[in-house]
Amino acid sequence: TQLLEQSPQFLSIQEGENLTVYCNSSSVFSSLQWYRQEPGEGPVLLVTVVTGGEVKKLKRLTFQFGDARKDSSLHITAAQPGDTGLYLCAGPGGERVSARQLTFGSGTQLTVLP
Amino acid sequence: NAGVTQTPKFQVLKTGQSMTLQCAQDMNHEYMSWYRQDPGMGLRLIHYSVGAGITDQGEVPNGYNVSRSTTEDFPLRLLSAAPSQTSVYFCASSYWRGGYTFGSGTRLTVV
């Protein structure tokens with residue numbers, strides 16, 4: 001079973017603060033993807049990390065893949081209200097799921113207050 | 001560029017009724033999937049397809065059927081709706097090992 005656990009489940013912060021959310025598993029993943037979902041919409045892909053230790057930056061968002069490829073983190077610098085949304089991590093495979101399909105974590109609901 | 005189009009956006013069904021949720025993509029993606037999203041449960045895979053004519057079950061397939069007659073279309077059929085199928089349904093498509101493109105969802109209520 002390749003379960004993805006995300007923490008925290010909910011996070012409410014003030015505009016301008018920094019934050020980190022986590023995606024952890026007991027299993028090794030060949031890659032991990034991060035998505036953001038806004039209310040009433042489908043998830044939108046932010047980034048894919050493939051190599052252990054890899055760091056990718058997307059403006060104020062920094063994504064890191066753990067050296068052992070079992071975990072990943074998303075750090076947001078100087079959060080803005082537009083960052084509000086549900087952040088989901090996903091990896092290939094999982095219980096009763098082909099390795100060609102994605103298993104999703106339950107997400108971190110981020111609210112950035114103005 | 002339309003991406004992934006889902007219809008309808010909202011639907012209310014009575015218990016026992018059947019219906020089809022439509023999904024179409026215009027990116028020539030091989031892979032298409034159906035997920036349901038429930039509070040606290042995340043996205044759970046219902047069925048998926050790796051190409052026209054090929055489908056397989058995901059994590060929660062009971063009560064749903066799919067078919068893939070063309071690369072573009074991947075409809076999801078509810079055979080006999082139950083209140084437990086009240087959810088938000090998302091269709092997604094991708095290239096092999098690529099990131100998923102999701103539709104905007106169908107919000108289904110079964111009463």
# chains A, B, ... in the order shown; residues from 1 in each chain; ligands from 1

$ residues_around --residues "Pro61 in chain B" --least-positions-apart "3" --cutoff "10 Å" --atoms "only C-alpha atoms" --output "ChimeraX atom specification"
/B:34-35,44-48,56-58,64-66

$ closest_atom_pairs --of "chain B" --to "chain A" --cutoff "7 Å" --atoms "only C-alpha atoms" --output "tab-separated table"
residue	atom	partner	partner_atom	distance
B:Gly40	CA	A:Ser106	CA	6.4
B:Met41	CA	A:Ser106	CA	5.9
B:Gly42	CA	A:Ser106	CA	4.1
B:Leu43	CA	A:Phe104	CA	6.0
B:Gly58	CA	A:Val97	CA	5.7
B:Glu59	CA	A:Arg96	CA	6.0
B:Phe90	CA	A:Gly42	CA	6.9
B:Gly99	CA	A:Leu45	CA	6.4
B:Tyr100	CA	A:Leu45	CA	6.8
B:Thr101	CA	A:Val44	CA	6.9
B:Phe102	CA	A:Gly42	CA	5.4
B:Gly103	CA	A:Gly42	CA	5.7
B:Ser104	CA	A:Gly42	CA	4.6
B:Gly105	CA	A:Gly42	CA	6.2

$ write_last_selection --atoms "all heavy atoms" --output "compact mmCIF listing (two decimals), in the first residue's frame"
# COMPACT_ATOMS: atom_id res chain seq x y z
N GLY B 40 -12.79 15.08 3.32
CA GLY B 40 -11.94 14.27 4.17
C GLY B 40 -11.42 12.99 3.54
O GLY B 40 -10.63 12.28 4.16
N MET B 41 -11.86 12.69 2.31
CA MET B 41 -11.46 11.43 1.66
C MET B 41 -10.50 11.67 0.51
O MET B 41 -9.97 10.73 -0.06
CB MET B 41 -12.70 10.70 1.14
CG MET B 41 -13.72 10.38 2.20
SD MET B 41 -13.15 9.09 3.31
CE MET B 41 -13.22 7.67 2.25
N GLY B 42 -10.32 12.89 0.12
CA GLY B 42 -9.44 13.15 -1.02
C GLY B 42 -10.07 12.68 -2.32
O GLY B 42 -11.27 12.46 -2.43
N LEU B 43 -9.23 12.48 -3.32
CA LEU B 43 -9.65 12.00 -4.63
C LEU B 43 -9.45 10.49 -4.69
O LEU B 43 -8.35 9.99 -4.45
CB LEU B 43 -8.83 12.67 -5.73
CG LEU B 43 -9.16 14.13 -6.01
CD1 LEU B 43 -7.98 14.83 -6.67
CD2 LEU B 43 -10.39 14.21 -6.91
N GLY B 58 -10.59 1.06 -10.71
CA GLY B 58 -9.75 1.72 -9.74
C GLY B 58 -10.07 1.27 -8.34
O GLY B 58 -10.44 0.12 -8.10
N GLU B 59 -9.99 2.20 -7.41
CA GLU B 59 -10.17 1.89 -5.98
C GLU B 59 -11.62 1.68 -5.59
O GLU B 59 -11.93 0.85 -4.74
CB GLU B 59 -9.57 3.04 -5.18
CG GLU B 59 -9.62 2.89 -3.67
CD GLU B 59 -9.09 4.12 -2.97
OE1 GLU B 59 -8.71 5.10 -3.66
OE2 GLU B 59 -9.05 4.12 -1.74
N PHE B 90 -14.67 14.03 -10.91
CA PHE B 90 -13.69 14.67 -11.79
C PHE B 90 -13.18 13.67 -12.81
O PHE B 90 -12.82 12.54 -12.47
CB PHE B 90 -12.51 15.23 -11.00
CG PHE B 90 -12.84 16.44 -10.19
CD1 PHE B 90 -13.10 16.34 -8.84
CD2 PHE B 90 -12.91 17.68 -10.80
CE1 PHE B 90 -13.42 17.46 -8.08
CE2 PHE B 90 -13.23 18.82 -10.05
CZ PHE B 90 -13.48 18.70 -8.70
N GLY B 99 1.68 14.89 -16.11
CA GLY B 99 0.76 15.45 -15.14
C GLY B 99 -0.66 15.38 -15.67
O GLY B 99 -0.89 15.36 -16.87
N TYR B 100 -1.61 15.34 -14.76
CA TYR B 100 -3.01 15.20 -15.14
C TYR B 100 -3.62 16.57 -15.41
O TYR B 100 -3.34 17.54 -14.71
CB TYR B 100 -3.80 14.54 -14.02
CG TYR B 100 -3.67 13.05 -13.95
CD1 TYR B 100 -2.56 12.38 -14.46
CD2 TYR B 100 -4.67 12.28 -13.36
CE1 TYR B 100 -2.46 11.00 -14.39
CE2 TYR B 100 -4.58 10.89 -13.28
CZ TYR B 100 -3.46 10.27 -13.80
OH TYR B 100 -3.37 8.91 -13.73
N THR B 101 -4.49 16.61 -16.41
CA THR B 101 -5.36 17.76 -16.65
C THR B 101 -6.76 17.35 -16.24
O THR B 101 -7.28 16.35 -16.74
CB THR B 101 -5.34 18.17 -18.13
OG1 THR B 101 -4.01 18.53 -18.52
CG2 THR B 101 -6.27 19.37 -18.35
N PHE B 102 -7.34 18.12 -15.33
CA PHE B 102 -8.66 17.79 -14.80
C PHE B 102 -9.72 18.66 -15.44
O PHE B 102 -9.47 19.82 -15.80
CB PHE B 102 -8.71 18.02 -13.28
CG PHE B 102 -8.06 16.95 -12.48
CD1 PHE B 102 -6.70 16.98 -12.24
CD2 PHE B 102 -8.81 15.91 -11.95
CE1 PHE B 102 -6.08 15.98 -11.49
CE2 PHE B 102 -8.21 14.91 -11.20
CZ PHE B 102 -6.85 14.94 -10.97
N GLY B 103 -10.94 18.10 -15.52
CA GLY B 103 -12.10 18.91 -15.85
C GLY B 103 -12.54 19.69 -14.61
O GLY B 103 -11.97 19.55 -13.53
N SER B 104 -13.59 20.48 -14.77
CA SER B 104 -14.05 21.33 -13.67
C SER B 104 -15.05 20.62 -12.77
O SER B 104 -15.50 21.20 -11.78
CB SER B 104 -14.66 22.61 -14.22
OG SER B 104 -15.73 22.31 -15.08
N GLY B 105 -15.40 19.38 -13.08
CA GLY B 105 -16.18 18.57 -12.15
C GLY B 105 -17.68 18.56 -12.42
O GLY B 105 -18.23 19.47 -13.04

$ closest_residue --among "A:Leu58, A:Val21, A:Leu110, A:Ala68" --to "Leu86 in chain A" --atoms "only C-alpha atoms"
A:Leu110

$ residues_around --residues "range 15-18 of chain A" --least-positions-apart "5" --cutoff "10 Å" --atoms "only C-alpha atoms" --output "PyMOL selection string"
chain A and resi 60+75-83+111-114

$ write_last_selection --atoms "N, CA, C and O atoms" --output "CSV table (one decimal), in the first residue's frame"
chain,number,residue,atom,x,y,z
A,60,ARG,N,7.0,32.1,-5.8
A,60,ARG,CA,7.2,32.0,-4.4
A,60,ARG,C,7.0,30.6,-3.8
A,60,ARG,O,7.1,30.5,-2.6
A,75,HIS,N,6.9,24.8,0.2
A,75,HIS,CA,7.1,26.0,1.0
A,75,HIS,C,6.7,27.2,0.2
A,75,HIS,O,7.0,27.3,-0.9
A,76,ILE,N,5.8,28.0,0.9
A,76,ILE,CA,5.4,29.2,0.3
A,76,ILE,C,5.9,30.4,1.0
A,76,ILE,O,5.8,30.5,2.3
A,77,THR,N,6.6,31.3,0.3
A,77,THR,CA,7.2,32.5,0.9
A,77,THR,C,6.2,33.7,0.7
A,77,THR,O,5.7,33.9,-0.4
A,78,ALA,N,6.0,34.4,1.8
A,78,ALA,CA,5.2,35.6,1.7
A,78,ALA,C,3.8,35.3,1.1
A,78,ALA,O,3.5,35.8,0.0
A,79,ALA,N,3.1,34.5,1.7
A,79,ALA,CA,1.8,34.0,1.2
A,79,ALA,C,0.9,35.2,0.9
A,79,ALA,O,0.9,36.2,1.6
A,80,GLN,N,0.1,35.0,-0.2
A,80,GLN,CA,-0.9,36.0,-0.6
A,80,GLN,C,-2.3,35.3,-0.6
A,80,GLN,O,-2.4,34.1,-0.7
A,81,PRO,N,-3.3,36.1,-0.5
A,81,PRO,CA,-4.7,35.6,-0.6
A,81,PRO,C,-4.9,34.7,-1.8
A,81,PRO,O,-5.7,33.7,-1.7
A,82,GLY,N,-4.3,35.0,-2.9
A,82,GLY,CA,-4.4,34.2,-4.1
A,82,GLY,C,-3.9,32.8,-4.0
A,82,GLY,O,-4.1,31.9,-4.8
A,83,ASP,N,-3.1,32.5,-2.9
A,83,ASP,CA,-2.5,31.2,-2.7
A,83,ASP,C,-3.6,30.3,-2.0
A,83,ASP,O,-3.3,29.1,-1.9
A,111,THR,N,-5.7,28.7,3.9
A,111,THR,CA,-6.4,29.9,3.8
A,111,THR,C,-5.5,31.0,4.2
A,111,THR,O,-4.9,31.0,5.2
A,112,VAL,N,-5.3,32.0,3.3
A,112,VAL,CA,-4.5,33.1,3.5
A,112,VAL,C,-5.4,34.4,3.7
A,112,VAL,O,-6.1,34.8,2.8
A,113,LEU,N,-5.3,34.9,4.9
A,113,LEU,CA,-6.2,36.0,5.2
A,113,LEU,C,-5.5,37.4,4.9
A,113,LEU,O,-4.3,37.6,5.2
A,114,PRO,N,-6.3,38.3,4.3
A,114,PRO,CA,-5.7,39.6,3.9
A,114,PRO,C,-5.4,40.5,5.2
A,114,PRO,O,-6.0,40.3,6.2

$ residues_around --residues "Glu30 in chain B" --least-positions-apart "2" --cutoff "8 Å" --atoms "only C-alpha atoms" --output "list of chain:residue names"
B:Asn28, B:Met32, B:Ser49, B:Val50, B:Gly51, B:Ala52, B:Thr71, B:Ser93, B:Ser94, B:Tyr95, B:Trp96

$ write_last_selection --atoms "C-alpha atoms" --output "PDB file, in the first residue's frame"
ATOM      1  CA  ASN B  28      -4.934  13.373 -27.693  1.00  0.00           C
ATOM      2  CA  MET B  32      -8.188   9.078 -18.891  1.00  0.00           C
ATOM      3  CA  SER B  49      -8.426   3.831 -19.363  1.00  0.00           C
ATOM      4  CA  VAL B  50      -5.017   3.535 -20.995  1.00  0.00           C
ATOM      5  CA  GLY B  51      -6.379   3.883 -24.514  1.00  0.00           C
ATOM      6  CA  ALA B  52      -9.409   3.386 -26.729  1.00  0.00           C
ATOM      7  CA  THR B  71      -9.475   8.541 -27.613  1.00  0.00           C
ATOM      8  CA  SER B  93      -6.442  12.933 -18.805  1.00  0.00           C
ATOM      9  CA  SER B  94      -2.700  12.714 -19.307  1.00  0.00           C
ATOM     10  CA  TYR B  95       0.150  11.463 -21.433  1.00  0.00           C
ATOM     11  CA  TRP B  96       2.136   8.493 -20.118  1.00  0.00           C
TER      12      TRP B  96
END

$ atom_distance --atom1 "CA of Thr108 in chain A" --atom2 "CA of Arg107 in chain B"
21.2 Å

$ residues_around --residues "Gln17 in chain B" --least-positions-apart "3" --cutoff "6 Å" --atoms "only C-alpha atoms" --output "compact mmCIF listing (two decimals) with C-alpha atoms, in the first residue's frame"
# COMPACT_ATOMS: atom_id res chain seq x y z
CA LYS B 14 -33.50 10.20 -7.36
CA SER B 80 -28.73 2.72 -10.19
CA ALA B 81 -27.95 5.83 -8.19

$ atom_distance --atom1 "CA of Leu108 in chain B" --atom2 "CA of Thr5 in chain B"
16.1 Å

$ atom_distance --atom1 "CA of Ser72 in chain A" --atom2 "CA of Ser12 in chain A"
20.5 Å

$ select_by_dssp --residues "chain B" --states "strand (DSSP E)" --output "PyMOL selection string"
chain B and resi 4-7+10-13+19-25+31-38+42-51+54-57+64-66+76-78+87-94+101-102+106-110

$ write_last_selection --atoms "C-alpha atoms" --output "mmCIF file, in the first residue's frame"
data_model
loop_
_atom_site.group_PDB
_atom_site.id
_atom_site.type_symbol
_atom_site.label_atom_id
_atom_site.label_comp_id
_atom_site.auth_asym_id
_atom_site.auth_seq_id
_atom_site.Cartn_x
_atom_site.Cartn_y
_atom_site.Cartn_z
ATOM 1 C CA VAL B 4 -11.027 18.407 -20.469
ATOM 2 C CA THR B 5 -14.741 19.154 -20.684
ATOM 3 C CA GLN B 6 -17.239 17.620 -18.271
ATOM 4 C CA THR B 7 -21.011 17.789 -18.501
ATOM 5 C CA PHE B 10 -24.672 19.915 -11.601
ATOM 6 C CA GLN B 11 -27.149 17.037 -11.373
ATOM 7 C CA VAL B 12 -29.773 15.867 -8.907
ATOM 8 C CA LEU B 13 -30.951 12.262 -9.187
ATOM 9 C CA MET B 19 -27.339 8.638 -15.754
ATOM 10 C CA THR B 20 -24.157 9.209 -17.703
ATOM 11 C CA LEU B 21 -21.512 11.784 -16.855
ATOM 12 C CA GLN B 22 -19.756 12.958 -19.986
ATOM 13 C CA CYS B 23 -16.029 13.650 -20.337
ATOM 14 C CA ALA B 24 -14.187 14.749 -23.467
ATOM 15 C CA GLN B 25 -10.575 15.824 -24.012
ATOM 16 C CA TYR B 31 -4.839 8.049 -20.304
ATOM 17 C CA MET B 32 -8.188 9.078 -18.891
ATOM 18 C CA SER B 33 -9.523 8.599 -15.388
ATOM 19 C CA TRP B 34 -12.564 9.217 -13.250
ATOM 20 C CA TYR B 35 -12.208 10.278 -9.618
ATOM 21 C CA ARG B 36 -14.706 11.124 -6.935
ATOM 22 C CA GLN B 37 -13.945 13.682 -4.259
ATOM 23 C CA ASP B 38 -15.599 13.551 -0.863
ATOM 24 C CA GLY B 42 -9.444 13.148 -1.017
ATOM 25 C CA LEU B 43 -9.649 11.997 -4.631
ATOM 26 C CA ARG B 44 -10.424 8.325 -5.116
ATOM 27 C CA LEU B 45 -10.023 6.558 -8.430
ATOM 28 C CA ILE B 46 -13.176 4.964 -9.853
ATOM 29 C CA HIS B 47 -12.146 3.695 -13.302
ATOM 30 C CA TYR B 48 -9.400 4.459 -15.755
ATOM 31 C CA SER B 49 -8.426 3.831 -19.363
ATOM 32 C CA VAL B 50 -5.017 3.535 -20.995
ATOM 33 C CA GLY B 51 -6.379 3.883 -24.514
ATOM 34 C CA ILE B 54 -9.131 -0.533 -22.773
ATOM 35 C CA THR B 55 -10.563 0.174 -19.325
ATOM 36 C CA ASP B 56 -9.853 -1.043 -15.809
ATOM 37 C CA GLN B 57 -11.168 -0.634 -12.284
ATOM 38 C CA TYR B 64 -20.155 2.599 -11.999
ATOM 39 C CA ASN B 65 -19.437 1.530 -15.568
ATOM 40 C CA VAL B 66 -17.165 3.064 -18.196
ATOM 41 C CA LEU B 76 -19.044 7.360 -16.643
ATOM 42 C CA ARG B 77 -22.361 5.598 -16.121
ATOM 43 C CA LEU B 78 -24.180 5.318 -12.832
ATOM 44 C CA SER B 87 -20.098 13.448 -4.557
ATOM 45 C CA VAL B 88 -18.090 15.631 -6.875
ATOM 46 C CA TYR B 89 -16.824 13.709 -9.884
ATOM 47 C CA PHE B 90 -13.693 14.673 -11.789
ATOM 48 C CA CYS B 91 -12.443 13.398 -15.110
ATOM 49 C CA ALA B 92 -8.725 13.697 -15.883
ATOM 50 C CA SER B 93 -6.442 12.933 -18.805
ATOM 51 C CA SER B 94 -2.700 12.714 -19.307
ATOM 52 C CA THR B 101 -5.360 17.760 -16.654
ATOM 53 C CA PHE B 102 -8.665 17.791 -14.796
ATOM 54 C CA THR B 106 -19.771 17.364 -11.921
ATOM 55 C CA ARG B 107 -21.546 17.927 -8.621
ATOM 56 C CA LEU B 108 -23.991 15.067 -8.149
ATOM 57 C CA THR B 109 -26.639 14.803 -5.458
ATOM 58 C CA VAL B 110 -28.678 11.629 -5.052
#

$ closest_residue --among "A:Gly91, A:Ser25, A:Gln37, A:Phe10" --to "Val50 in chain A" --atoms "only C-alpha atoms"
A:Gly91
